[in-house]
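Chemist: My file is work_31.cif. It has mmCIF, C-alpha atoms:
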```cif
data_run
loop_
_atom_site.label_atom_id
_atom_site.label_comp_id
_atom_site.auth_asym_id
_atom_site.auth_seq_id
_atom_site.Cartn_x
_atom_site.Cartn_y
_atom_site.Cartn_z
CA MET A 378 25.39 -29.44 -20.41
CA SER A 379 23.15 -27.08 -18.48
CA ILE A 380 24.73 -24.07 -20.21
CA SER A 381 24.19 -25.45 -23.70
CA LYS A 382 20.67 -26.44 -22.75
CA HIS A 383 19.97 -22.94 -21.51
CA GLY A 384 21.47 -21.50 -24.69
CA THR A 385 19.07 -23.41 -26.94
CA GLN A 386 16.15 -23.16 -24.58
CA HIS A 387 14.82 -19.83 -25.78
CA LYS A 388 16.13 -19.95 -29.32
CA GLN A 389 13.25 -18.59 -31.34
CA ALA A 390 12.20 -20.42 -34.49
CA PHE A 391 11.93 -17.35 -36.71
CA ASP A 392 11.87 -19.42 -39.90
CA GLU A 393 9.12 -21.84 -38.88
CA PRO A 394 6.21 -19.38 -39.24
CA LEU A 395 7.37 -18.76 -42.84
CA TRP A 396 7.47 -22.50 -43.71
CA TRP A 397 4.17 -23.06 -41.96
CA GLY A 398 2.58 -20.09 -43.74
CA LEU A 399 3.76 -21.35 -47.14
CA PHE A 400 2.60 -24.87 -46.17
CA SER A 401 -0.86 -23.55 -45.24
CA ALA A 402 -1.21 -21.39 -48.35
CA GLY A 403 0.02 -24.30 -50.48
CA GLY A 404 -2.49 -26.63 -48.85
CA VAL A 405 -5.36 -24.31 -49.74
CA CYS A 406 -4.14 -24.01 -53.35
CA PHE A 407 -3.62 -27.79 -53.55
CA ALA A 408 -7.16 -28.45 -52.35
CA VAL A 409 -9.02 -25.68 -54.15
CA LEU A 410 -7.18 -25.06 -57.44
CA LEU A 411 -5.33 -28.23 -58.42
CA PRO A 412 -8.37 -30.50 -58.91
CA ALA A 413 -9.85 -27.95 -61.32
CA VAL A 414 -6.53 -27.52 -63.14
CA ILE A 415 -6.13 -31.29 -63.50
CA LEU A 416 -9.74 -31.62 -64.67
CA PHE A 417 -9.28 -29.01 -67.42
CA ILE A 418 -5.69 -29.60 -68.56
CA ALA A 419 -5.22 -33.31 -67.90
CA VAL A 420 -8.73 -34.75 -68.44
CA LEU A 421 -11.12 -32.57 -70.44
CA LEU A 422 -8.53 -31.20 -72.88
CA PRO A 423 -6.91 -34.56 -73.90
CA LEU A 424 -10.38 -36.13 -74.21
CA GLY A 425 -11.33 -33.40 -76.65
CA LEU A 426 -14.21 -32.21 -74.49
CA LEU A 427 -13.06 -28.60 -74.66
CA PRO A 428 -13.15 -26.51 -77.84
CA ALA A 429 -9.90 -27.16 -79.74
CA GLU A 430 -8.86 -23.50 -79.65
CA ALA A 431 -9.53 -23.14 -75.88
CA LEU A 432 -5.86 -23.68 -75.16
CA SER A 433 -4.26 -23.25 -78.55
CA TYR A 434 -0.57 -22.30 -78.50
CA GLU A 435 -1.28 -18.60 -79.04
CA ARG A 436 -4.06 -18.44 -76.47
CA ALA A 437 -2.11 -20.48 -73.89
CA SER A 438 1.01 -18.32 -74.24
CA THR A 439 -0.98 -15.09 -73.97
CA LEU A 440 -2.70 -16.41 -70.85
CA LEU A 441 0.48 -17.76 -69.25
CA PHE A 442 2.88 -14.91 -70.03
CA SER A 443 0.88 -12.26 -68.19
CA VAL A 444 0.47 -11.05 -64.62
CA LEU A 445 -2.44 -13.45 -64.30
CA GLY A 446 -0.26 -16.31 -65.60
CA PHE A 447 2.43 -15.36 -63.07
CA LEU A 448 -0.13 -15.57 -60.24
CA PHE A 449 -1.47 -18.85 -61.69
CA VAL A 450 1.98 -20.48 -61.64
CA GLY A 451 2.60 -19.13 -58.14
CA ALA A 452 -0.65 -20.63 -56.85
CA VAL A 453 -0.63 -23.89 -58.82
CA VAL A 454 3.10 -24.71 -58.85
CA CYS A 455 5.09 -22.76 -56.24
CA LEU A 456 2.88 -22.80 -53.15
CA PRO A 457 2.00 -26.52 -53.55
CA LEU A 458 5.74 -27.19 -53.91
CA PHE A 459 6.37 -25.64 -50.49
CA HIS A 460 3.40 -27.58 -49.11
CA ALA A 461 4.92 -30.84 -50.39
CA ALA A 462 8.39 -29.86 -49.14
CA HIS A 463 7.03 -29.27 -45.62
CA ARG A 464 5.25 -32.63 -45.60
CA LEU A 465 8.34 -34.43 -46.91
CA ARG A 466 10.56 -32.76 -44.30
CA HIS A 467 8.28 -33.77 -41.42
CA GLY A 468 7.69 -37.21 -42.95
CA MET A 469 11.45 -37.81 -43.06
CA PHE A 470 11.73 -36.76 -39.41
CA ASP A 471 8.88 -39.16 -38.56
CA ILE A 472 10.67 -42.14 -40.11
CA SER A 473 14.06 -40.92 -38.79
CA VAL A 474 15.67 -40.35 -42.20
CA GLY A 475 18.55 -37.88 -42.32
CA ASN A 476 18.82 -34.92 -40.00
CA ASP A 477 16.22 -32.21 -39.79
CA ALA A 478 18.55 -29.26 -40.41
CA THR A 479 19.84 -30.82 -43.65
CA ASN A 480 16.38 -32.01 -44.71
CA LYS A 481 15.06 -28.49 -44.25
CA LYS A 482 17.72 -27.04 -46.56
CA LEU A 483 17.17 -29.77 -49.15
CA MET A 484 13.36 -29.65 -49.15
CA TYR A 485 12.71 -25.90 -48.90
CA GLY A 486 15.78 -25.19 -51.04
CA GLY A 487 14.45 -27.54 -53.72
CA ALA A 488 11.00 -25.96 -53.57
CA ALA A 489 12.54 -22.49 -53.81
CA LEU A 490 14.75 -23.44 -56.79
CA LEU A 491 11.87 -25.03 -58.71
CA SER A 492 9.67 -22.01 -57.88
CA ILE A 493 12.28 -19.58 -59.16
CA LEU A 494 12.62 -21.69 -62.31
CA ALA A 495 8.85 -21.77 -62.91
CA LEU A 496 8.29 -18.08 -62.23
CA GLY A 497 11.49 -17.20 -64.12
CA LEU A 498 10.15 -18.96 -67.23
CA VAL A 499 6.93 -16.94 -66.99
CA VAL A 500 8.86 -13.68 -66.60
CA ALA A 501 11.15 -14.64 -69.50
CA GLY A 502 8.07 -15.32 -71.64
CA MET A 503 6.58 -11.98 -70.66
CA LEU A 504 9.78 -10.14 -71.63
CA GLY A 505 10.51 -12.16 -74.76
CA MET B 1166 -25.60 -59.33 -12.11
CA ASN B 1167 -23.88 -60.92 -15.05
CA ILE B 1168 -20.50 -62.05 -13.74
CA GLN B 1169 -18.01 -63.60 -16.11
CA THR B 1170 -14.29 -64.34 -16.08
CA LYS B 1171 -11.94 -62.30 -18.24
CA HIS B 1172 -8.22 -62.59 -18.88
CA ILE B 1173 -5.99 -59.58 -18.48
CA SER B 1174 -2.32 -59.41 -19.41
CA VAL B 1175 -0.33 -56.84 -17.49
CA LYS B 1176 3.15 -55.75 -18.51
CA ARG B 1177 5.24 -56.20 -15.39
CA TYR B 1178 8.56 -54.53 -14.73
CA LEU B 1179 10.27 -55.27 -11.43
CA PRO B 1180 13.80 -53.90 -11.73
CA ASP B 1181 14.80 -55.48 -8.37
CA SER B 1182 14.20 -59.05 -9.55
CA SER B 1183 14.27 -58.98 -13.34
CA ALA B 1184 16.04 -56.65 -15.74
CA ASP B 1185 13.49 -57.15 -18.50
CA PRO B 1186 9.77 -56.46 -18.51
CA TYR B 1187 7.48 -59.46 -18.97
CA TRP B 1188 3.79 -60.18 -19.44
CA GLN B 1189 1.75 -61.68 -16.63
CA GLN B 1190 -1.74 -63.08 -17.05
CA TYR B 1191 -4.56 -62.78 -14.54
CA ASP B 1192 -8.07 -64.26 -14.62
CA LEU B 1193 -10.64 -62.26 -12.72
CA PRO B 1194 -14.41 -62.01 -12.29
CA VAL B 1195 -15.93 -58.95 -13.95
CA ASP B 1196 -19.41 -57.53 -14.37
CA ASP B 1197 -20.76 -54.68 -16.49
CA SER B 1198 -19.53 -52.03 -14.07
CA THR B 1199 -15.93 -53.29 -13.70
CA SER B 1200 -13.41 -50.67 -14.82
CA MET B 1201 -9.76 -51.32 -15.63
CA LEU B 1202 -8.92 -49.65 -12.33
CA ASP B 1203 -11.34 -51.98 -10.48
CA ALA B 1204 -9.61 -54.88 -12.23
CA LEU B 1205 -6.15 -53.67 -11.15
CA ASN B 1206 -7.43 -53.17 -7.59
CA HIS B 1207 -8.86 -56.71 -7.62
CA ILE B 1208 -5.50 -58.09 -8.79
CA LYS B 1209 -3.64 -56.10 -6.11
CA GLU B 1210 -5.99 -57.08 -3.29
CA GLN B 1211 -6.88 -60.68 -4.19
CA LEU B 1212 -4.33 -62.13 -6.60
CA ASP B 1213 -0.94 -60.44 -6.53
CA SER B 1214 0.07 -57.77 -4.06
CA THR B 1215 3.35 -57.09 -5.90
CA LEU B 1216 1.58 -55.17 -8.71
CA SER B 1217 2.30 -51.42 -8.73
CA TYR B 1218 0.14 -48.74 -10.37
CA ARG B 1219 -1.05 -45.21 -9.61
CA TRP B 1220 -4.59 -44.24 -8.80
CA SER B 1221 -6.57 -41.96 -6.54
CA CYS B 1222 -10.02 -40.55 -7.28
CA ARG B 1223 -11.74 -43.31 -9.38
CA MET B 1224 -13.76 -40.58 -11.15
CA ALA B 1225 -11.63 -39.17 -13.97
CA ILE B 1226 -10.53 -35.99 -12.24
CA CYS B 1227 -7.16 -36.77 -10.61
CA GLY B 1228 -5.50 -38.01 -13.79
CA SER B 1229 -3.38 -40.63 -11.98
CA CYS B 1230 -4.50 -43.94 -13.48
CA GLY B 1231 -3.43 -43.52 -17.10
CA VAL B 1232 -2.35 -46.81 -18.73
CA MET B 1233 -2.18 -48.24 -22.24
CA VAL B 1234 -5.12 -50.57 -22.88
CA ASN B 1235 -4.49 -52.62 -26.03
CA GLY B 1236 -2.02 -49.97 -27.14
CA ILE B 1237 -4.33 -46.95 -26.65
CA PRO B 1238 -3.76 -44.47 -23.78
CA LYS B 1239 -6.77 -44.61 -21.40
CA LEU B 1240 -7.73 -43.62 -17.88
CA GLY B 1241 -8.19 -46.89 -15.99
CA CYS B 1242 -11.22 -45.55 -14.11
CA LYS B 1243 -13.00 -44.38 -17.27
CA THR B 1244 -12.44 -47.58 -19.27
CA PHE B 1245 -14.68 -50.60 -18.76
CA LEU B 1246 -13.97 -54.27 -19.36
CA ARG B 1247 -17.47 -54.71 -20.81
CA ASP B 1248 -16.21 -52.87 -23.92
CA TYR B 1249 -13.40 -55.37 -24.53
CA GLU B 1250 -13.60 -58.88 -25.95
CA GLY B 1251 -10.73 -61.35 -25.97
CA ASP B 1252 -7.22 -60.27 -25.18
CA ILE B 1253 -6.87 -57.25 -22.88
CA ARG B 1254 -3.31 -55.96 -22.57
CA ILE B 1255 -2.46 -53.30 -19.98
CA GLU B 1256 0.89 -51.51 -20.25
CA PRO B 1257 2.46 -48.42 -18.70
CA LEU B 1258 1.91 -45.13 -20.59
CA ALA B 1259 4.01 -44.98 -23.75
CA HIS B 1260 6.86 -42.47 -24.27
CA PHE B 1261 7.63 -42.18 -20.54
CA PRO B 1262 10.42 -44.05 -18.69
CA VAL B 1263 8.92 -46.92 -16.68
CA GLN B 1264 9.83 -47.03 -12.99
CA ARG B 1265 7.98 -50.16 -11.95
CA ASP B 1266 5.07 -52.11 -13.50
CA LEU B 1267 2.50 -49.48 -14.57
CA VAL B 1268 4.20 -46.57 -12.80
CA VAL B 1269 5.99 -44.15 -15.14
CA ASP B 1270 8.29 -41.21 -14.50
CA MET B 1271 6.41 -38.05 -15.55
CA GLU B 1272 9.21 -35.64 -14.67
CA ILE B 1273 9.73 -34.42 -18.25
CA PHE B 1274 6.01 -33.69 -18.63
CA LEU B 1275 6.03 -31.68 -15.41
CA GLU B 1276 9.10 -29.76 -16.61
CA HIS B 1277 7.32 -28.88 -19.85
CA LEU B 1278 4.25 -27.79 -17.89
CA ALA B 1279 6.32 -25.52 -15.64
CA ALA B 1280 8.15 -24.07 -18.67
CA VAL B 1281 4.98 -22.49 -20.11
CA LYS B 1282 4.04 -20.79 -16.80
CA PRO B 1283 0.50 -22.18 -16.56
CA TYR B 1284 -0.83 -19.64 -14.07
CA LEU B 1285 -2.12 -16.07 -14.16
CA ILE B 1286 0.66 -13.57 -14.66
CA ASP B 1287 -0.58 -10.10 -13.88
CA ASP B 1288 1.32 -6.87 -14.40
CA ASN B 1289 -1.14 -5.03 -12.14
CA PRO B 1290 -1.82 -7.36 -9.23
CA VAL B 1291 -4.93 -6.96 -7.14
CA LYS B 1292 -4.21 -4.58 -4.25
CA ALA B 1293 -4.01 -5.72 -0.63
CA TYR B 1294 -7.41 -6.88 0.54
CA ASP B 1295 -9.58 -4.05 1.79
CA PRO B 1296 -12.93 -5.31 3.17
CA ARG B 1297 -14.66 -1.97 2.44
CA ALA B 1298 -13.63 -1.96 -1.20
CA PRO B 1299 -12.76 -5.53 -2.19
CA GLU B 1300 -11.12 -5.80 -5.58
CA THR B 1301 -11.72 -8.93 -7.57
CA TYR B 1302 -10.89 -9.98 -11.09
CA GLN B 1303 -13.74 -9.16 -13.42
CA GLN B 1304 -14.53 -11.54 -16.25
CA SER B 1305 -17.57 -11.68 -18.50
CA PRO B 1306 -19.13 -15.00 -19.61
CA GLU B 1307 -17.83 -14.28 -23.14
CA GLN B 1308 -14.28 -13.86 -21.83
CA LEU B 1309 -14.63 -17.11 -19.87
CA ALA B 1310 -15.96 -18.97 -22.92
CA ARG B 1311 -12.80 -18.16 -24.90
CA TYR B 1312 -10.59 -20.46 -22.81
CA LYS B 1313 -13.00 -22.63 -20.80
CA GLN B 1314 -12.65 -25.79 -22.88
CA PHE B 1315 -8.85 -25.65 -22.64
CA ALA B 1316 -9.07 -25.27 -18.86
CA ASN B 1317 -10.44 -28.80 -18.35
CA CYS B 1318 -7.02 -30.49 -18.51
CA ILE B 1319 -6.34 -32.86 -15.59
CA ASN B 1320 -2.64 -33.40 -16.43
CA CYS B 1321 -3.08 -37.16 -16.89
CA GLY B 1322 -0.47 -37.30 -19.67
CA LEU B 1323 -2.53 -39.49 -22.04
CA CYS B 1324 -1.94 -36.97 -24.85
CA TYR B 1325 1.84 -37.35 -24.44
CA SER B 1326 1.51 -41.12 -24.85
CA ALA B 1327 -0.63 -40.54 -27.93
CA CYS B 1328 1.74 -38.01 -29.51
CA PRO B 1329 4.22 -39.56 -31.99
CA GLN B 1330 6.24 -36.31 -32.02
CA PHE B 1331 6.75 -36.44 -28.25
CA GLY B 1332 7.76 -40.10 -28.72
CA LEU B 1333 10.44 -39.04 -31.23
CA ASN B 1334 11.58 -35.95 -29.32
CA PRO B 1335 10.94 -35.72 -25.56
CA GLU B 1336 12.09 -32.08 -25.63
CA PHE B 1337 8.88 -31.22 -27.54
CA LEU B 1338 6.73 -29.26 -25.05
CA GLY B 1339 3.82 -31.50 -26.02
CA PRO B 1340 0.02 -31.25 -26.19
CA ALA B 1341 -0.99 -30.54 -22.57
CA ALA B 1342 1.69 -27.91 -21.87
CA LEU B 1343 1.00 -26.07 -25.14
CA THR B 1344 -2.74 -26.24 -24.47
CA LEU B 1345 -2.35 -24.78 -20.99
CA ALA B 1346 -0.12 -22.04 -22.37
CA HIS B 1347 -2.87 -21.22 -24.86
CA ARG B 1348 -5.50 -21.37 -22.12
CA TYR B 1349 -3.68 -18.70 -20.08
CA ASN B 1350 -2.88 -16.63 -23.17
CA LEU B 1351 -6.62 -16.49 -23.89
CA ASP B 1352 -7.51 -15.46 -20.34
CA SER B 1353 -8.52 -11.79 -20.05
CA ARG B 1354 -7.01 -11.59 -16.54
CA ASP B 1355 -3.59 -12.69 -17.72
CA HIS B 1356 -0.68 -10.55 -18.91
CA GLY B 1357 1.98 -13.23 -19.39
CA LYS B 1358 1.54 -13.96 -23.09
CA LYS B 1359 4.88 -12.41 -24.05
CA GLN B 1360 6.79 -14.68 -21.67
CA ARG B 1361 4.93 -17.77 -22.89
CA MET B 1362 5.36 -16.95 -26.58
CA ALA B 1363 9.14 -17.18 -26.14
CA GLU B 1364 8.59 -20.85 -25.14
CA LEU B 1365 5.92 -21.60 -27.73
CA ASN B 1366 7.81 -20.12 -30.68
CA ARG B 1367 10.72 -22.57 -30.45
CA HIS B 1368 11.35 -25.62 -32.62
CA ASP B 1369 10.44 -27.71 -29.58
CA GLY B 1370 7.38 -25.51 -28.98
CA VAL B 1371 4.35 -25.41 -31.27
CA TRP B 1372 6.48 -26.02 -34.37
CA SER B 1373 7.20 -29.66 -33.53
CA CYS B 1374 3.49 -30.49 -33.80
CA THR B 1375 2.49 -32.09 -37.12
CA PHE B 1376 -1.26 -32.06 -36.35
CA VAL B 1377 -1.63 -35.83 -36.01
CA GLY B 1378 -4.63 -35.15 -33.77
CA PHE B 1379 -4.48 -38.35 -31.70
CA CYS B 1380 -4.01 -36.22 -28.55
CA SER B 1381 -7.54 -34.85 -28.99
CA LYS B 1382 -8.91 -38.33 -29.58
CA VAL B 1383 -7.53 -39.84 -26.38
CA CYS B 1384 -8.18 -36.82 -24.10
CA PRO B 1385 -10.60 -38.04 -21.40
CA LYS B 1386 -11.83 -34.48 -20.73
CA HIS B 1387 -12.40 -33.48 -24.41
CA VAL B 1388 -9.97 -30.58 -24.11
CA ASP B 1389 -8.96 -30.82 -27.81
CA PRO B 1390 -5.23 -30.09 -27.44
CA ALA B 1391 -4.69 -30.38 -31.21
CA ALA B 1392 -6.91 -27.32 -31.75
CA ALA B 1393 -5.12 -25.39 -29.01
CA VAL B 1394 -1.66 -26.20 -30.39
CA ASN B 1395 -2.63 -25.17 -33.91
CA GLN B 1396 -4.21 -21.94 -32.67
CA GLY B 1397 -0.88 -21.53 -30.88
CA LYS B 1398 0.88 -21.77 -34.26
CA VAL B 1399 -1.19 -18.84 -35.54
CA GLU B 1400 -0.30 -16.87 -32.39
CA ALA B 1401 3.39 -17.76 -32.73
CA ALA B 1402 3.35 -16.66 -36.38
CA LYS B 1403 1.73 -13.34 -35.41
CA HIS B 1404 4.25 -12.96 -32.57
CA THR B 1405 7.12 -13.46 -35.03
CA LEU B 1406 5.69 -10.96 -37.54
CA ILE B 1407 5.22 -8.33 -34.84
CA ALA B 1408 8.76 -8.98 -33.56
CA LEU B 1409 10.08 -8.52 -37.12
CA PHE B 1410 8.42 -5.14 -37.54
CA LYS B 1411 9.31 -3.92 -34.08
CA GLY B 1412 12.91 -5.02 -34.66
#
```
Is it possible to give me this structure as structure tokens?

Modeler:
Amino acid sequence: MSISKHGTQHKQAFDEPLWWGLFSAGGVCFAVLLPAVILFIAVLLPLGLLPAEALSYERASTLLFSVLGFLFVGAVVCLPLFHAAHRLRHGMFDISVGNDATNKKLMYGGAALLSILALGLVVAGMLG
Amino acid sequence: MNIQTKHISVKRYLPDSSADPYWQQYDLPVDDSTSMLDALNHIKEQLDSTLSYRWSCRMAICGSCGVMVNGIPKLGCKTFLRDYEGDIRIEPLAHFPVQRDLVVDMEIFLEHLAAVKPYLIDDNPVKAYDPRAPETYQQSPEQLARYKQFANCINCGLCYSACPQFGLNPEFLGPAALTLAHRYNLDSRDHGKKQRMAELNRHDGVWSCTFVGFCSKVCPKHVDPAAAVNQGKVEAAKHTLIALFKG
């Protein structure tokens, strides 16, 4: 008992700063960028309050499939995904659902997979 | 003097006579200056000498008289009955094992405190005292201001009762211990940061905190442990990055 306790006692959490960093960055993007994105893409555009050609297919694809589009997806999709994953993981611990080691793999793994998918689509568009 | 009668319910636990805790009601005279601690003293002296609770200084500096008042961790001596209407329920501090009535076992808290080495660790200790050339620690007001707020902790344990993460996982170092670690890390006289970071940068160190912030709300000395713990997360992240590059 005392040996196993000593063994885990100084085990450094090398991964936690990474999750916390992504969570923090995602929180900033969530708060600063997403309201504007939702306002433009989900409110003003469907209501016809933007010029029709503002996000025409050609214009949207040129904007998205570029370095700037890559950064946009990273900031508006990927980082908020990790933010949400972190909250879900800690929320599940709070209500005692599952076990933290598994939840971590599921949540951060899911965020990583969806991020790779989103960024992969942008890269594919840039190449294609 | 406006004296009125108030009802207090105290959660009793007397393991010698009853296996289960139970509520006991007391009616007592109170005025505007009656604190919860005064009320408990009145019960002990006048109504029921079997009641057990901890107290010492009566002036919010010893940190002994922490209890739950209507579910919120409070210092008995700093909480006044004039601020409460109707039902007043006094319970032992949450998240600690109860020994008897309002007396809890704070062993785990003391272990966590000791783990973060909350004292000055100096690689170059002051030399043996020489009256002709006395050597003292030098510290500017700016250096003092960096940690002063975090130095006001009285180890009352209210923040541990307020912390849902400590409630879920008693191995979590918790608000007060992490705050004291941060306090000594910020002290210009100290050289023990490396040793403390090994404790802080564990899952049960700063990373178990989810920034609920209730610790800072209940702190009777306005230490703001939530701020200290989250500054500790920044330090732990820096510590990890430096360790990565140094190998």

Chemist: Hey, could you make a per-residue contact list for chain B against chain A with 6 Å as the cut-off, showing the nearest pair of atoms and its distance in Å to one decimal, counting all atoms listed in the file, sorted by chain and number, as a tab-separated table?

Modeler:
```
residue	atom	partner	partner_atom	distance
B:Asn1366	CA	A:Gln389	CA	5.7
B:Arg1367	CA	A:Gln389	CA	4.8
B:His1368	CA	A:Ala390	CA	5.6
B:Ala1402	CA	A:Pro394	CA	4.9
```

Chemist: Considering all atoms listed in the file, can you say which of B:Ser1373, B:Arg1361, B:Val1383, B:Lys1403 comes closest to B:Ala1279?

Modeler: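 Looking at the shortest contact to B:Ala1279, the residue is B:Arg1361.
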
Chemist: Output the residue selection produced by the PyMOL selection byres ((chain B and resi 1200-1210) around 6) on the file above, formatted as a compact mmCIF listing (two decimals) with C-alpha atoms, in the frame of the given file.

Modeler:
```txt
# COMPACT_ATOMS: atom_id res chain seq x y z
CA THR B 1199 -15.93 -53.29 -13.70
CA GLN B 1211 -6.88 -60.68 -4.19
CA LEU B 1212 -4.33 -62.13 -6.60
CA ASP B 1213 -0.94 -60.44 -6.53
CA SER B 1214 0.07 -57.77 -4.06
CA LEU B 1216 1.58 -55.17 -8.71
CA GLY B 1241 -8.19 -46.89 -15.99
CA CYS B 1242 -11.22 -45.55 -14.11
CA THR B 1244 -12.44 -47.58 -19.27
CA PHE B 1245 -14.68 -50.60 -18.76
CA LEU B 1246 -13.97 -54.27 -19.36
```

Chemist: So, with only C-alpha atoms as the atoms that count, which of B:Phe1379, B:Trp1372, B:Tyr1312, B:Phe1331 lies closest to B:Ala1346?

Modeler: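 Checking each candidate against B:Ala1346, we get B:Tyr1312 as the closest.
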
Chemist: Figure out the distance between atom CA of B:Lys1386 and atom CA of B:Ala1327, please, to one decimal in Å.

Modeler: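 Taking atom CA of B:Ala1327 and atom CA of B:Lys1386, their separation equals 14.6 Å.
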
Chemist: Between A:Phe407, A:Phe459, A:Tyr434, A:Phe447, which is the closest to A:Ala488 once you count only C-alpha atoms?

Modeler: A:Phe459

Chemist: Neighbours of B:Pro1194 within 7 Å (only C-alpha atoms; same-chain residues fewer than 2 positions away dropped), as JSON, numbers by chain?

Modeler: {"B": [1168, 1169, 1170, 1171]}

Chemist: Residue by residue, what does the PyMOL selection byres ((chain B and resi 1278) around 12) grab here? Present the result as a ChimeraX atom specification.

Modeler: /B:1271-1277,1279-1284,1318-1322,1325,1336-1347,1361,1364-1365,1370

Chemist: What does the distance between atom CA of B:Cys1374 and atom CA of A:Trp396 come to in Å, to one decimal place?

Modeler: 13.3 Å

Chemist: Could you work out how far atom CA of B:Ile1237 lies from atom CA of B:Gln1396, giving the answer in Å with one decimal?

Modeler: 25.7 Å

Chemist: Between B:Tyr1187, B:Phe1376, B:Tyr1349, B:Phe1410, which one has atoms that come closest to B:Arg1254, using all atoms listed in the file?

Modeler: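 The closest residue to B:Arg1254 is B:Tyr1187.
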
Chemist: From the set A:Ala495, A:Ser401, A:Met503, A:Leu483, which residue has the shortest atom-to-atom contact distance to A:Cys455, counting only C-alpha atoms?

Modeler: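 Closest to A:Cys455 of all the choices is A:Ala495.
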